[in-house]
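Below you'll find the structure, written out as structure tokens, and then a few comments.
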Amino acid sequence: MPGYAIANLWDVDLNAEIVEYLERIDSTLEPFGGKFIVHGGIQRVIEGPASAIAIVIEFPDDQAVIDWYESPAYQAILPLRLRNCSSVGILAAHCGEDHVATDVLKEVVTND
């Protein structure tokens with residue numbers, strides 16, 4: 001099942017380092033089968049305060065996400081982004097095709 005890299009970026013300083021990051025990131029994704037699902041474009045906040053840009057990158061599986069993020073190629077460009085914006089990054093697993101909302105309750109441990 002697919003895995004995802006999800007980021008919210010704000011206060012982005014669109015300078016030469018960010019441009020370099022954008023010019024180089026696609027080549028870091030390619031060996032791991034990563035592709036942008038959400039990146040820029042029209043994003044409308046419908047709940048709560050937000051000024052962040054949402055980004056979602058899909059990979060073939062969870063291991064590919066980890067391997068990409070930890071790869072020397074991505075680690076080499078990551079500081080270019082980190083120095084020039086505030087961000088939250090998440091690596092997430094696909095929940096499954098037959099997932100329903102209450103499935104998350106199975107993960108909750110109760111002390112009754």
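Residue numbering restarts at 1 for every chain of the structure tokens, chains are lettered A, B, ... in their displayed order, and ligands are numbered from 1 as they appear.
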Requested in this report: Identify, with DSSP run on backbone atoms, the residues in chain A assigned to alpha helix (DSSP H), and express the list as a ChimeraX atom specification.
Outcome: /A:16-29,62-70,72-82
Query raised in the report: Could you pull the residues within 8 Å of range 9-24 of chain A, counting only C-alpha atoms, minus those fewer than 3 positions along the same chain, as a PyMOL selection string?
Result: chain A and resi 27-28+51-54+77-78+80-81+84-88
Could you write out the selected residues, including all heavy atoms, as a compact mmCIF listing (two decimals), in the first residue's frame?
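Ended up saving to again14.txt:
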```
# COMPACT_ATOMS: atom_id res chain seq x y z
N SER A 27 14.47 14.87 -8.65
CA SER A 27 15.45 13.80 -8.88
C SER A 27 15.66 12.94 -7.64
O SER A 27 16.08 11.79 -7.75
CB SER A 27 16.78 14.37 -9.37
OG SER A 27 17.38 15.17 -8.37
N THR A 28 15.34 13.47 -6.44
CA THR A 28 15.45 12.65 -5.23
C THR A 28 14.26 11.71 -5.09
O THR A 28 14.37 10.64 -4.49
CB THR A 28 15.56 13.51 -3.94
OG1 THR A 28 14.31 14.12 -3.63
CG2 THR A 28 16.67 14.53 -4.05
N SER A 51 -2.13 29.35 7.50
CA SER A 51 -1.45 30.10 6.46
C SER A 51 -0.40 29.22 5.79
O SER A 51 0.48 29.71 5.11
CB SER A 51 -0.80 31.35 7.05
OG SER A 51 0.15 30.98 8.03
N ALA A 52 -0.51 27.92 6.02
CA ALA A 52 0.49 26.99 5.51
C ALA A 52 0.10 26.48 4.12
O ALA A 52 -1.06 26.47 3.74
CB ALA A 52 0.65 25.81 6.46
N ILE A 53 1.11 26.04 3.40
CA ILE A 53 0.93 25.38 2.11
C ILE A 53 1.03 23.88 2.37
O ILE A 53 2.01 23.41 2.95
CB ILE A 53 2.04 25.81 1.13
CG1 ILE A 53 1.99 27.31 0.90
CG2 ILE A 53 1.92 25.04 -0.18
CD1 ILE A 53 3.25 27.86 0.25
N ALA A 54 0.02 23.13 1.97
CA ALA A 54 0.03 21.68 2.16
C ALA A 54 0.70 21.01 0.96
O ALA A 54 0.51 21.40 -0.19
CB ALA A 54 -1.40 21.16 2.30
N ILE A 77 19.70 18.16 0.27
CA ILE A 77 18.95 19.37 -0.06
C ILE A 77 18.02 19.82 1.06
O ILE A 77 17.57 20.97 1.06
CB ILE A 77 18.16 19.23 -1.38
CG1 ILE A 77 17.05 18.20 -1.26
CG2 ILE A 77 19.10 18.92 -2.53
CD1 ILE A 77 16.05 18.22 -2.42
N LEU A 78 17.72 18.96 2.01
CA LEU A 78 16.79 19.30 3.09
C LEU A 78 17.16 20.60 3.81
O LEU A 78 16.28 21.44 4.05
CB LEU A 78 16.67 18.14 4.07
CG LEU A 78 15.72 18.33 5.25
CD1 LEU A 78 14.31 18.64 4.78
CD2 LEU A 78 15.74 17.08 6.13
N LEU A 80 18.34 23.24 2.69
CA LEU A 80 17.93 24.38 1.87
C LEU A 80 16.51 24.82 2.20
O LEU A 80 16.20 26.00 2.22
CB LEU A 80 18.03 24.03 0.38
CG LEU A 80 19.41 23.65 -0.15
CD1 LEU A 80 19.30 23.15 -1.58
CD2 LEU A 80 20.36 24.83 -0.04
N ARG A 81 15.65 23.85 2.45
CA ARG A 81 14.26 24.15 2.82
C ARG A 81 14.16 24.55 4.28
O ARG A 81 13.53 25.55 4.63
CB ARG A 81 13.34 22.96 2.54
CG ARG A 81 11.89 23.25 2.94
CD ARG A 81 10.94 22.15 2.56
NE ARG A 81 11.23 20.86 3.14
CZ ARG A 81 10.92 20.52 4.41
NH1 ARG A 81 10.38 21.37 5.24
NH2 ARG A 81 11.19 19.30 4.83
N ASN A 84 14.82 28.09 5.31
CA ASN A 84 14.07 29.14 4.64
C ASN A 84 12.56 29.07 4.79
O ASN A 84 11.83 29.73 4.04
CB ASN A 84 14.45 29.16 3.16
CG ASN A 84 15.88 29.56 2.98
OD1 ASN A 84 16.22 30.72 3.19
ND2 ASN A 84 16.75 28.61 2.65
N CYS A 85 12.09 28.29 5.75
CA CYS A 85 10.67 28.26 6.03
C CYS A 85 10.44 27.57 7.37
O CYS A 85 11.32 26.90 7.90
CB CYS A 85 9.87 27.57 4.93
SG CYS A 85 10.09 25.78 4.86
N SER A 86 9.25 27.74 7.89
CA SER A 86 8.81 26.95 9.03
C SER A 86 8.00 25.78 8.47
O SER A 86 7.33 25.94 7.44
CB SER A 86 7.93 27.79 9.95
OG SER A 86 8.67 28.88 10.46
N SER A 87 8.07 24.63 9.12
CA SER A 87 7.39 23.48 8.54
C SER A 87 7.09 22.40 9.57
O SER A 87 7.69 22.35 10.64
CB SER A 87 8.23 22.87 7.41
OG SER A 87 9.47 22.40 7.92
N VAL A 88 6.14 21.57 9.20
CA VAL A 88 5.84 20.32 9.91
C VAL A 88 5.89 19.24 8.84
O VAL A 88 5.27 19.38 7.79
CB VAL A 88 4.44 20.35 10.56
CG1 VAL A 88 4.09 19.00 11.13
CG2 VAL A 88 4.37 21.43 11.62
```
Proximity of range 40-72 of chain A to range 90-112 of chain A: per-residue shortest pair, 12 Å limit, only C-alpha atoms, as JSON lines:
```
{"residue": "A:Ala54", "atom": "CA", "partner": "A:Ile90", "partner_atom": "CA", "distance": 11.3}
{"residue": "A:Ile55", "atom": "CA", "partner": "A:Ile90", "partner_atom": "CA", "distance": 10.3}
{"residue": "A:Val56", "atom": "CA", "partner": "A:Ile90", "partner_atom": "CA", "distance": 9.6}
{"residue": "A:Ile57", "atom": "CA", "partner": "A:Leu91", "partner_atom": "CA", "distance": 9.6}
{"residue": "A:Glu58", "atom": "CA", "partner": "A:His94", "partner_atom": "CA", "distance": 9.5}
{"residue": "A:Phe59", "atom": "CA", "partner": "A:Ala93", "partner_atom": "CA", "distance": 9.7}
{"residue": "A:Pro60", "atom": "CA", "partner": "A:His94", "partner_atom": "CA", "distance": 10.0}
{"residue": "A:Asp61", "atom": "CA", "partner": "A:Ala93", "partner_atom": "CA", "distance": 7.7}
{"residue": "A:Asp62", "atom": "CA", "partner": "A:Ala93", "partner_atom": "CA", "distance": 5.8}
{"residue": "A:Gln63", "atom": "CA", "partner": "A:Ala93", "partner_atom": "CA", "distance": 9.5}
{"residue": "A:Ala64", "atom": "CA", "partner": "A:Leu91", "partner_atom": "CA", "distance": 10.5}
{"residue": "A:Val65", "atom": "CA", "partner": "A:Leu91", "partner_atom": "CA", "distance": 6.9}
{"residue": "A:Ile66", "atom": "CA", "partner": "A:Leu91", "partner_atom": "CA", "distance": 7.5}
{"residue": "A:Asp67", "atom": "CA", "partner": "A:Leu91", "partner_atom": "CA", "distance": 11.0}
{"residue": "A:Trp68", "atom": "CA", "partner": "A:Leu91", "partner_atom": "CA", "distance": 10.6}
{"residue": "A:Tyr69", "atom": "CA", "partner": "A:Leu91", "partner_atom": "CA", "distance": 8.8}
{"residue": "A:Glu70", "atom": "CA", "partner": "A:Leu91", "partner_atom": "CA", "distance": 11.5}
```
**Report entry** Residues near Gly89 in chain A, cut-off 9 Å, only C-alpha atoms, skip fewer than 5 positions along chain, as a PyMOL selection string
**Finding:** chain A and resi 5-9
Query raised in the report: Using only C-alpha atoms, which of the listed residues (A:Pro49, A:Gly3, A:Leu82, A:Arg44) sits closest to Phe32 in chain A?
Result: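 Counting only C-alpha atoms, the residue closest to Phe32 in chain A is A:Gly3.
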